[in-house]
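To be precise, the following lines are structure_15.cif, and they hold mmCIF, C-alpha atoms and all ligand atoms.
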data_structure
#
loop_
_atom_site.group_PDB
_atom_site.id
_atom_site.type_symbol
_atom_site.label_atom_id
_atom_site.label_comp_id
_atom_site.auth_asym_id
_atom_site.auth_seq_id
_atom_site.Cartn_x
_atom_site.Cartn_y
_atom_site.Cartn_z
ATOM 1 C CA MET F 1 -192.105 24.522 110.171
ATOM 2 C CA ASN F 2 -192.359 22.999 106.732
ATOM 3 C CA ALA F 3 -189.427 20.566 106.912
ATOM 4 C CA ALA F 4 -189.279 20.205 103.123
ATOM 5 C CA GLU F 5 -188.622 23.943 102.792
ATOM 6 C CA TYR F 6 -186.773 24.941 105.960
ATOM 7 C CA SER F 7 -184.000 23.419 108.050
ATOM 8 C CA ILE F 8 -182.289 24.242 111.323
ATOM 9 C CA VAL F 9 -178.498 24.206 111.518
ATOM 10 C CA VAL F 10 -176.280 24.874 114.538
ATOM 11 C CA ALA F 11 -173.968 27.751 113.601
ATOM 12 C CA SER F 12 -170.231 27.175 113.288
ATOM 13 C CA ALA F 13 -167.451 29.751 112.987
ATOM 14 C CA THR F 14 -167.821 29.833 109.185
ATOM 15 C CA ASP F 15 -171.471 30.979 109.544
ATOM 16 C CA VAL F 16 -170.768 33.993 111.733
ATOM 17 C CA ARG F 17 -170.703 36.698 109.058
ATOM 18 C CA SER F 18 -173.958 35.420 107.545
ATOM 19 C CA LEU F 19 -175.406 35.311 111.060
ATOM 20 C CA ALA F 20 -174.362 38.889 111.812
ATOM 21 C CA GLU F 21 -175.968 40.051 108.560
ATOM 22 C CA HIS F 22 -179.173 38.245 109.575
ATOM 23 C CA TRP F 23 -179.148 39.987 112.981
ATOM 24 C CA GLN F 24 -179.212 43.299 111.128
ATOM 25 C CA ARG F 25 -182.129 42.233 108.898
ATOM 26 C CA GLU F 26 -184.301 40.640 111.589
ATOM 27 C CA VAL F 27 -184.791 43.944 113.432
ATOM 28 C CA VAL F 28 -185.739 46.064 110.405
ATOM 29 C CA ASP F 29 -189.369 46.295 111.556
ATOM 30 C CA ASN F 30 -188.617 46.808 115.265
ATOM 31 C CA GLY F 31 -191.209 49.317 116.510
ATOM 32 C CA ARG F 32 -193.364 49.174 113.381
ATOM 33 C CA ASP F 33 -197.057 49.602 114.241
ATOM 34 C CA GLY F 34 -196.025 49.991 117.881
ATOM 35 C CA LEU F 35 -194.619 46.445 118.188
ATOM 36 C CA TRP F 36 -191.216 46.656 119.855
ATOM 37 C CA PHE F 37 -189.122 43.535 120.283
ATOM 38 C CA SER F 38 -185.524 44.822 120.439
ATOM 39 C CA PRO F 39 -184.226 47.376 122.970
ATOM 40 C CA TYR F 40 -182.152 49.150 120.336
ATOM 41 C CA ASP F 41 -183.241 52.105 118.309
ATOM 42 C CA PRO F 42 -183.552 50.865 114.687
ATOM 43 C CA ASP F 43 -180.852 53.343 113.598
ATOM 44 C CA GLU F 44 -178.514 52.093 116.298
ATOM 45 C CA ASP F 45 -178.944 48.486 115.104
ATOM 46 C CA ALA F 46 -177.645 49.289 111.648
ATOM 47 C CA LYS F 47 -174.016 49.388 112.795
ATOM 48 C CA PRO F 48 -171.392 47.955 110.430
ATOM 49 C CA ILE F 49 -170.261 44.398 111.073
ATOM 50 C CA THR F 50 -166.634 44.724 112.158
ATOM 51 C CA ASP F 51 -163.944 42.038 112.144
ATOM 52 C CA GLU F 52 -163.694 42.488 115.902
ATOM 53 C CA ARG F 53 -167.406 41.677 116.328
ATOM 54 C CA ILE F 54 -167.073 38.603 114.079
ATOM 55 C CA ALA F 55 -164.106 37.414 116.146
ATOM 56 C CA GLN F 56 -166.052 37.904 119.406
ATOM 57 C CA ILE F 57 -169.025 35.854 118.188
ATOM 58 C CA SER F 58 -166.772 33.129 116.755
ATOM 59 C CA ALA F 59 -164.969 32.828 120.077
ATOM 60 C CA ALA F 60 -168.252 32.621 121.999
ATOM 61 C CA ILE F 61 -169.770 29.873 119.854
ATOM 62 C CA GLU F 62 -166.618 27.786 120.235
ATOM 63 C CA ARG F 63 -166.213 28.394 123.980
ATOM 64 C CA PRO F 64 -166.625 25.242 126.106
ATOM 65 C CA LEU F 65 -169.803 24.977 128.185
ATOM 66 C CA THR F 66 -167.622 24.862 131.290
ATOM 67 C CA GLU F 67 -166.562 28.495 130.750
ATOM 68 C CA PRO F 68 -168.692 31.623 131.325
ATOM 69 C CA MET F 69 -170.091 33.525 128.335
ATOM 70 C CA TRP F 70 -170.416 30.592 125.953
ATOM 71 C CA GLN F 71 -172.948 30.971 123.154
ATOM 72 C CA ARG F 72 -174.622 28.489 120.812
ATOM 73 C CA VAL F 73 -176.821 29.545 117.884
ATOM 74 C CA TRP F 74 -179.479 27.608 115.967
ATOM 75 C CA THR F 75 -180.048 29.050 112.517
ATOM 76 C CA LEU F 76 -183.026 28.803 110.163
ATOM 77 C CA ARG F 77 -182.238 28.167 106.480
ATOM 78 C CA HIS F 78 -184.362 27.843 103.358
ATOM 79 C CA ARG F 79 -183.607 25.155 100.757
ATOM 80 C CA ASP F 80 -183.349 27.784 97.982
ATOM 81 C CA ALA F 81 -180.467 29.678 99.655
ATOM 82 C CA PRO F 82 -179.073 27.464 102.430
ATOM 83 C CA GLU F 83 -176.051 29.735 103.036
ATOM 84 C CA ARG F 84 -178.309 32.615 104.113
ATOM 85 C CA VAL F 85 -179.487 32.791 107.731
ATOM 86 C CA LEU F 86 -183.196 33.739 107.975
ATOM 87 C CA GLY F 87 -183.832 33.209 111.655
ATOM 88 C CA SER F 88 -181.823 32.425 114.762
ATOM 89 C CA LEU F 89 -182.044 31.434 118.378
ATOM 90 C CA SER F 90 -179.095 32.046 120.699
ATOM 91 C CA LEU F 91 -178.431 30.488 124.062
ATOM 92 C CA HIS F 92 -175.929 32.406 126.191
ATOM 93 C CA GLY F 93 -174.207 30.742 129.135
ATOM 94 C CA GLY F 94 -173.928 32.323 132.558
ATOM 95 C CA ARG F 95 -171.665 35.332 133.053
ATOM 96 C CA ILE F 96 -169.772 33.775 135.979
ATOM 97 C CA VAL F 97 -168.890 30.210 136.977
ATOM 98 C CA SER F 98 -171.599 29.901 139.645
ATOM 99 C CA GLU F 99 -174.215 30.716 136.986
ATOM 100 C CA LEU F 100 -173.211 28.026 134.505
ATOM 101 C CA HIS F 101 -176.262 25.837 135.229
ATOM 102 C CA ARG F 102 -178.404 28.531 133.556
ATOM 103 C CA CYS F 103 -178.526 30.109 130.144
ATOM 104 C CA SER F 104 -180.503 32.917 128.554
ATOM 105 C CA LEU F 105 -182.409 32.734 125.275
ATOM 106 C CA GLY F 106 -182.811 35.325 122.537
ATOM 107 C CA MET F 107 -184.336 34.820 119.098
ATOM 108 C CA GLY F 108 -185.652 36.475 115.966
ATOM 109 C CA ILE F 109 -186.903 35.579 112.514
ATOM 110 C CA GLU F 110 -186.861 37.828 109.471
ATOM 111 C CA PRO F 111 -190.350 39.228 108.794
ATOM 112 C CA GLU F 112 -191.287 37.164 105.723
ATOM 113 C CA HIS F 113 -190.507 33.867 107.495
ATOM 114 C CA ARG F 114 -192.556 34.457 110.654
ATOM 115 C CA GLY F 115 -195.869 32.816 111.547
ATOM 116 C CA ARG F 116 -194.917 29.477 109.949
ATOM 117 C CA ARG F 117 -193.965 27.619 113.113
ATOM 118 C CA ASN F 118 -190.278 28.310 112.411
ATOM 119 C CA GLY F 119 -189.941 29.936 115.835
ATOM 120 C CA THR F 120 -191.518 26.918 117.473
ATOM 121 C CA ALA F 121 -189.072 24.606 115.668
ATOM 122 C CA LEU F 122 -186.052 26.707 116.745
ATOM 123 C CA VAL F 123 -187.197 26.644 120.379
ATOM 124 C CA GLU F 124 -187.762 22.881 120.297
ATOM 125 C CA ALA F 125 -184.301 22.243 118.796
ATOM 126 C CA ALA F 126 -182.477 24.461 121.294
ATOM 127 C CA LEU F 127 -184.349 23.152 124.340
ATOM 128 C CA ALA F 128 -183.733 19.535 123.335
ATOM 129 C CA TRP F 129 -180.002 20.329 123.254
ATOM 130 C CA ALA F 130 -180.117 22.268 126.542
ATOM 131 C CA ARG F 131 -181.777 19.303 128.269
ATOM 132 C CA ALA F 132 -179.964 16.344 126.808
ATOM 133 C CA THR F 133 -176.540 17.566 125.679
ATOM 134 C CA ALA F 134 -175.753 20.580 127.844
ATOM 135 C CA GLN F 135 -177.739 19.237 130.837
ATOM 136 C CA LEU F 136 -178.629 22.745 131.930
ATOM 137 C CA SER F 137 -181.107 23.372 134.737
ATOM 138 C CA TRP F 138 -182.711 26.676 133.741
ATOM 139 C CA VAL F 139 -183.361 28.768 130.652
ATOM 140 C CA ASP F 140 -184.211 32.452 131.174
ATOM 141 C CA LEU F 141 -185.454 35.093 128.768
ATOM 142 C CA GLY F 142 -186.833 38.597 128.590
ATOM 143 C CA VAL F 143 -189.748 39.457 126.304
ATOM 144 C CA PHE F 144 -191.467 42.792 125.868
ATOM 145 C CA ALA F 145 -194.972 42.923 127.346
ATOM 146 C CA GLY F 146 -196.582 43.881 124.031
ATOM 147 C CA ASN F 147 -194.976 41.015 122.098
ATOM 148 C CA HIS F 148 -197.941 38.633 122.334
ATOM 149 C CA ARG F 149 -196.779 36.263 119.623
ATOM 150 C CA ALA F 150 -193.434 35.637 121.324
ATOM 151 C CA LYS F 151 -195.035 35.305 124.781
ATOM 152 C CA ALA F 152 -197.508 32.716 123.428
ATOM 153 C CA LEU F 153 -194.682 30.751 121.846
ATOM 154 C CA TYR F 154 -192.612 30.702 125.055
ATOM 155 C CA ALA F 155 -195.608 29.795 127.235
ATOM 156 C CA ARG F 156 -196.396 26.876 124.953
ATOM 157 C CA ALA F 157 -192.802 25.669 125.353
ATOM 158 C CA GLY F 158 -193.277 25.660 129.144
ATOM 159 C CA PHE F 159 -191.775 29.012 130.149
ATOM 160 C CA VAL F 160 -193.507 30.752 133.045
ATOM 161 C CA VAL F 161 -193.553 34.445 133.937
ATOM 162 C CA VAL F 162 -191.458 35.149 137.033
ATOM 163 C CA GLY F 163 -191.526 38.928 137.011
ATOM 164 C CA GLU F 164 -191.562 42.103 135.040
ATOM 165 C CA ARG F 165 -189.624 45.344 134.948
ATOM 166 C CA ARG F 166 -191.774 48.302 134.083
ATOM 167 C CA ASP F 167 -190.065 51.058 132.114
ATOM 168 C CA ALA F 168 -187.071 48.732 131.570
ATOM 169 C CA PHE F 169 -186.161 50.400 128.276
ATOM 170 C CA ARG F 170 -187.017 53.664 126.590
ATOM 171 C CA VAL F 171 -186.708 53.475 122.841
ATOM 172 C CA ARG F 172 -187.536 56.645 120.934
ATOM 173 C CA GLY F 173 -189.372 57.822 124.047
ATOM 174 C CA VAL F 174 -191.541 54.691 124.349
ATOM 175 C CA LYS F 175 -191.473 53.094 127.808
ATOM 176 C CA ILE F 176 -191.170 49.319 127.470
ATOM 177 C CA THR F 177 -192.016 46.707 130.103
ATOM 178 C CA ASP F 178 -189.732 43.680 130.009
ATOM 179 C CA VAL F 179 -191.315 40.407 131.163
ATOM 180 C CA THR F 180 -188.943 37.788 132.608
ATOM 181 C CA MET F 181 -189.824 34.187 131.809
ATOM 182 C CA THR F 182 -188.004 31.054 132.889
ATOM 183 C CA LEU F 183 -188.093 27.334 132.178
ATOM 184 C CA CYS F 184 -186.908 24.747 134.693
ATOM 185 C CA LEU F 185 -185.383 21.845 132.786
ATOM 186 C CA ASP F 186 -184.779 19.815 135.969
ATOM 187 C CA GLU F 187 -188.513 19.750 136.712
ATOM 188 C CA ALA F 188 -189.136 18.420 133.220
ATOM 189 C CA ARG F 189 -186.571 15.681 133.931
ATOM 190 C CA GLY F 190 -188.388 14.822 137.164
ATOM 191 C CA ALA F 191 -185.590 16.042 139.454
ATOM 192 C CA THR F 192 -186.180 18.203 142.537
ATOM 193 C CA THR F 193 -184.467 21.569 142.854
HETATM 194 C C1 LIG F 201 -191.543 35.832 117.962
HETATM 195 C C2 LIG F 201 -191.066 34.972 116.812
HETATM 196 C C3 LIG F 201 -189.638 34.467 117.097
HETATM 197 C C4 LIG F 201 -191.996 33.767 116.719
HETATM 198 O O1 LIG F 201 -191.618 32.956 115.658
HETATM 199 P P1 LIG F 201 -192.725 32.523 114.570
HETATM 200 O O2 LIG F 201 -192.094 31.578 113.642
HETATM 201 O O3 LIG F 201 -193.334 33.743 113.995
HETATM 202 O O4 LIG F 201 -193.755 31.791 115.537
HETATM 203 P P2 LIG F 201 -194.579 30.458 115.323
HETATM 204 O O5 LIG F 201 -195.242 30.514 113.988
HETATM 205 O O6 LIG F 201 -193.724 29.268 115.604
HETATM 206 O O7 LIG F 201 -195.625 30.541 116.524
HETATM 207 C C5 LIG F 201 -196.201 31.747 116.931
HETATM 208 C C6 LIG F 201 -197.448 31.451 117.752
HETATM 209 O O8 LIG F 201 -197.981 32.677 118.228
HETATM 210 C C7 LIG F 201 -199.334 32.777 117.836
HETATM 211 N N1 LIG F 201 -199.590 34.179 117.623
HETATM 212 C C8 LIG F 201 -199.369 34.911 116.532
HETATM 213 N N2 LIG F 201 -199.704 36.188 116.747
HETATM 214 C C9 LIG F 201 -200.170 36.241 118.010
HETATM 215 C C10 LIG F 201 -200.690 37.275 118.831
HETATM 216 N N3 LIG F 201 -200.777 38.544 118.387
HETATM 217 N N4 LIG F 201 -201.057 36.974 120.100
HETATM 218 C C11 LIG F 201 -200.960 35.723 120.565
HETATM 219 N N5 LIG F 201 -200.474 34.688 119.835
HETATM 220 C C12 LIG F 201 -200.091 34.961 118.575
HETATM 221 C C13 LIG F 201 -199.441 31.983 116.595
HETATM 222 O O9 LIG F 201 -200.792 31.596 116.382
HETATM 223 C C14 LIG F 201 -198.533 30.813 116.947
HETATM 224 O O10 LIG F 201 -199.227 29.915 117.760
HETATM 225 P P3 LIG F 201 -199.716 28.514 117.167
HETATM 226 O O11 LIG F 201 -198.456 27.800 116.769
HETATM 227 O O12 LIG F 201 -200.427 27.877 118.320
HETATM 228 O O13 LIG F 201 -200.595 28.865 116.003
HETATM 229 C C15 LIG F 201 -191.092 35.740 115.448
HETATM 230 O O14 LIG F 201 -192.408 36.108 115.136
HETATM 231 C C16 LIG F 201 -190.169 36.930 115.428
HETATM 232 O O15 LIG F 201 -189.012 36.827 115.105
HETATM 233 N N6 LIG F 201 -190.687 38.135 115.789
HETATM 234 C C17 LIG F 201 -189.898 39.348 115.810
HETATM 235 C C18 LIG F 201 -188.718 39.253 116.771
HETATM 236 C C19 LIG F 201 -189.157 38.839 118.148
HETATM 237 O O16 LIG F 201 -190.225 39.165 118.615
HETATM 238 N N7 LIG F 201 -188.264 38.074 118.818
HETATM 239 C C20 LIG F 201 -188.525 37.604 120.174
HETATM 240 C C21 LIG F 201 -187.996 38.585 121.141
HETATM 241 S S1 LIG F 201 -188.281 38.030 122.809
#

For this file, write the structure as structure tokens.
Amino acid sequence: MNAAEYSIVVASATDVRSLAEHWQREVVDNGRDGLWFSPYDPDEDAKPITDERIAQISAAIERPLTEPMWQRVWTLRHRDAPERVLGSLSLHGGRIVSELHRCSLGMGIEPEHRGRRNGTALVEAALAWARATAQLSWVDLGVFAGNHRAKALYARAGFVVVGERRDAFRVRGVKITDVTMTLCLDEARGATT
């Protein structure tokens, strides 16, 4: 990431509409040239952003880490239009109390801002927080088998493949294999599990 041009900001409730608009833009090329990275049909992704959806996201990003279904989002901004979200990484807390030591990661960058180490910078920022502030033990993610760029990025950050689900999704008739990767933060801290 070119730090003079780009910055990473943790999203607050006032950013949620801009974030939701970004989530619509970052999937515009899903499936182009056979590269799938989202399990939604591109037409399905273009749903309107409702007030109810905004309220749900706002509640999740303000939810304490001690409660299931919390969410935190790191956003990528450019100095020329800092109010606009160009990329994002979300961490989602466990769905039930006994899962709160884990979170799952999802991310995406709008096409013209990819390949500039912005993804790497988002991952580094979120993992530093997960380790030091949230003190989580595991980060999980799913990545489509054909998404070599994303897999390389996650592997470099220390994620390892723990399994795969063949034919996990069918989008426009294409069968997609979902690879599960995980990162143990306790091992990195030197603890035993
Ligand atoms: C995947 C994504 C988040 C990565 O972010 P990015 O800013 O483009 O990635 P970076 O520039 O930080 O790093 C990508 C790395 O993959 C490498 N790479 C690029 N294309 C590759 C390919 N086809 N195969 C293997 N590695 C590849 C790059 O060389 C780079 O490695 P390097 O830093 O050692 O040079 C971004 O490209 C994106 O949003 N893609 C579409 C949405 C998506 O796939 N989201 C992830 C869903 S799991």

F:Leu122, F:Ile176, F:Val73, F:Val27: which is nearest Ser58 of chain F, counting only C-alpha atoms?
->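 Smallest distance to Ser58 of chain F is found for F:Val73.
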
At what distance in Å, to one decimal, does atom CA of Gly93 of chain F lie from atom O16 of ligand LIG 201 (chain F)?
->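 Atom-to-atom, atom O16 of ligand LIG 201 (chain F) to atom CA of Gly93 of chain F, that is 20.9 Å.
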
Enter the distance from atom CA of Asp41 of chain F to atom CA of Asp15 of chain F, in Å, rounded to one decimal.
-> 25.7 Å

Residues within 12 Å of Glu112 of chain F, all atoms listed in the file, excluding chain neighbours under 3 positions, as an NGL selection string = :F and (25-26 or 28-29 or 78 or 86-87 or 108-109 or 115-116 or 118)

Selection result for the PyMOL selection byres (((not hetatm)) within 10 of (chain F and resi 201)) on this file, as an MDAnalysis selection string = chainID F and resid 1 26:30 35:39 86:89 105:124 141:156 178:181

Output of the PyMOL selection byres (((chain F and resi 74) around 8) and not hetatm), listed as a PyMOL selection string | chain F and resi 8-11+72-73+75-76+88-90+122+125-126

Record the distance separating atom CA of Gly163 of chain F and atom CA of Gly94 of chain F, expressed in Å with one decimal.
->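 One can read the atom CA of Gly163 of chain F to atom CA of Gly94 of chain F distance as 19.3 Å.
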
Within 12 Å of segment 60-67 of chain F: each segment 74-147 of chain F residue with its shortest pair, only C-alpha atoms, as a tab-separated table:
residue	atom	partner	partner_atom	distance
F:Trp74	CA	F:Ile61	CA	10.7
F:Ser90	CA	F:Ile61	CA	9.6
F:Leu91	CA	F:Ile61	CA	9.6
F:His92	CA	F:Ala60	CA	8.7
F:Gly93	CA	F:Leu65	CA	7.3
F:Gly94	CA	F:Glu67	CA	8.5
F:Arg95	CA	F:Glu67	CA	8.8
F:Ile96	CA	F:Glu67	CA	8.1
F:Val97	CA	F:Glu67	CA	6.9
F:Ser98	CA	F:Glu67	CA	10.3
F:Glu99	CA	F:Glu67	CA	10.1
F:Leu100	CA	F:Thr66	CA	7.2
F:His101	CA	F:Thr66	CA	9.5
F:Arg102	CA	F:Leu65	CA	10.7
F:Cys103	CA	F:Leu65	CA	10.3
F:Ala130	CA	F:Leu65	CA	10.8
F:Thr133	CA	F:Leu65	CA	10.3
F:Ala134	CA	F:Leu65	CA	7.4
F:Gln135	CA	F:Leu65	CA	10.1
F:Leu136	CA	F:Leu65	CA	9.8

Which centre and edge lengths in Å to one decimal define the box along x, y and z that fits every listed atom of segment 141-160 of chain F plus 5 Å per side, as AutoDock Vina command-line options?
--center_x -191.7 --center_y 34.8 --center_z 126.3 --size_x 22.5 --size_y 28.2 --size_z 23.4

Selection near Ile54 of chain F, 12 Å with only C-alpha atoms, sequence-local residues under 2 positions removed, as an MDAnalysis selection string | chainID F and resid 12:21 48:52 56:61

For C-alpha atoms, I'd like the residues from the last selection saved as a PDB file, keeping the file's coordinate frame.
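So the final result, stored in selection.pdb, reads:
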ATOM      1  CA  SER F  12    -170.231  27.175 113.288  1.00  0.00           C
ATOM      2  CA  ALA F  13    -167.451  29.751 112.987  1.00  0.00           C
ATOM      3  CA  THR F  14    -167.821  29.833 109.185  1.00  0.00           C
ATOM      4  CA  ASP F  15    -171.471  30.979 109.544  1.00  0.00           C
ATOM      5  CA  VAL F  16    -170.768  33.993 111.733  1.00  0.00           C
ATOM      6  CA  ARG F  17    -170.703  36.698 109.058  1.00  0.00           C
ATOM      7  CA  SER F  18    -173.958  35.420 107.545  1.00  0.00           C
ATOM      8  CA  LEU F  19    -175.406  35.311 111.060  1.00  0.00           C
ATOM      9  CA  ALA F  20    -174.362  38.889 111.812  1.00  0.00           C
ATOM     10  CA  GLU F  21    -175.968  40.051 108.560  1.00  0.00           C
ATOM     11  CA  PRO F  48    -171.392  47.955 110.430  1.00  0.00           C
ATOM     12  CA  ILE F  49    -170.261  44.398 111.073  1.00  0.00           C
ATOM     13  CA  THR F  50    -166.634  44.724 112.158  1.00  0.00           C
ATOM     14  CA  ASP F  51    -163.944  42.038 112.144  1.00  0.00           C
ATOM     15  CA  GLU F  52    -163.694  42.488 115.902  1.00  0.00           C
ATOM     16  CA  GLN F  56    -166.052  37.904 119.406  1.00  0.00           C
ATOM     17  CA  ILE F  57    -169.025  35.854 118.188  1.00  0.00           C
ATOM     18  CA  SER F  58    -166.772  33.129 116.755  1.00  0.00           C
ATOM     19  CA  ALA F  59    -164.969  32.828 120.077  1.00  0.00           C
ATOM     20  CA  ALA F  60    -168.252  32.621 121.999  1.00  0.00           C
ATOM     21  CA  ILE F  61    -169.770  29.873 119.854  1.00  0.00           C
TER      22      ILE F  61
END

Could you write segment 125-142 of chain F as a short mmCIF file (atom, residue, chain, number, x, y, z; two decimals), in the frame of the given file, with N, CA, C and O atoms rebuilt where they are missing?
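result.cif, freshly written:
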data_model
loop_
_atom_site.label_atom_id
_atom_site.label_comp_id
_atom_site.auth_asym_id
_atom_site.auth_seq_id
_atom_site.Cartn_x
_atom_site.Cartn_y
_atom_site.Cartn_z
N ALA F 125 -185.66 22.75 119.05
CA ALA F 125 -184.30 22.24 118.80
C ALA F 125 -183.34 22.67 119.90
O ALA F 125 -182.55 21.87 120.41
N ALA F 126 -183.41 23.94 120.29
CA ALA F 126 -182.48 24.46 121.29
C ALA F 126 -182.76 23.85 122.67
O ALA F 126 -181.83 23.50 123.41
N LEU F 127 -184.03 23.71 123.01
CA LEU F 127 -184.35 23.15 124.34
C LEU F 127 -183.98 21.68 124.43
O LEU F 127 -183.55 21.20 125.49
N ALA F 128 -184.13 20.95 123.33
CA ALA F 128 -183.73 19.54 123.34
C ALA F 128 -182.23 19.42 123.63
O ALA F 128 -181.79 18.59 124.42
N TRP F 129 -181.46 20.32 123.02
CA TRP F 129 -180.00 20.33 123.25
C TRP F 129 -179.68 20.74 124.70
O TRP F 129 -178.84 20.13 125.36
N ALA F 130 -180.38 21.77 125.18
CA ALA F 130 -180.12 22.27 126.54
C ALA F 130 -180.38 21.18 127.58
O ALA F 130 -179.65 21.05 128.57
N ARG F 131 -181.42 20.39 127.35
CA ARG F 131 -181.78 19.30 128.27
C ARG F 131 -180.80 18.15 128.18
O ARG F 131 -180.20 17.74 129.17
N ALA F 132 -180.64 17.63 126.96
CA ALA F 132 -179.96 16.34 126.81
C ALA F 132 -178.45 16.49 126.69
O ALA F 132 -177.71 15.75 127.32
N THR F 133 -177.98 17.45 125.93
CA THR F 133 -176.54 17.57 125.68
C THR F 133 -175.87 18.45 126.73
O THR F 133 -174.91 18.04 127.37
N ALA F 134 -176.40 19.64 126.91
CA ALA F 134 -175.75 20.58 127.84
C ALA F 134 -176.15 20.29 129.29
O ALA F 134 -175.46 20.71 130.21
N GLN F 135 -177.26 19.58 129.49
CA GLN F 135 -177.74 19.24 130.84
C GLN F 135 -177.86 20.47 131.73
O GLN F 135 -177.44 20.46 132.89
N LEU F 136 -178.42 21.52 131.17
CA LEU F 136 -178.63 22.74 131.93
C LEU F 136 -179.85 22.59 132.82
O LEU F 136 -180.70 21.72 132.58
N SER F 137 -179.96 23.44 133.82
CA SER F 137 -181.11 23.37 134.74
C SER F 137 -182.17 24.43 134.44
O SER F 137 -183.34 24.18 134.70
N TRP F 138 -181.76 25.59 133.95
CA TRP F 138 -182.71 26.68 133.74
C TRP F 138 -182.43 27.41 132.44
O TRP F 138 -181.26 27.61 132.08
N VAL F 139 -183.49 27.87 131.80
CA VAL F 139 -183.36 28.77 130.65
C VAL F 139 -184.18 30.02 130.97
O VAL F 139 -185.35 29.92 131.33
N ASP F 140 -183.56 31.17 130.87
CA ASP F 140 -184.21 32.45 131.17
C ASP F 140 -184.36 33.28 129.90
O ASP F 140 -183.57 33.13 128.96
N LEU F 141 -185.34 34.16 129.90
CA LEU F 141 -185.45 35.09 128.77
C LEU F 141 -186.22 36.33 129.20
O LEU F 141 -186.94 36.33 130.20
N GLY F 142 -186.05 37.37 128.41
CA GLY F 142 -186.83 38.60 128.59
C GLY F 142 -187.62 38.84 127.32
O GLY F 142 -187.08 38.67 126.22
#
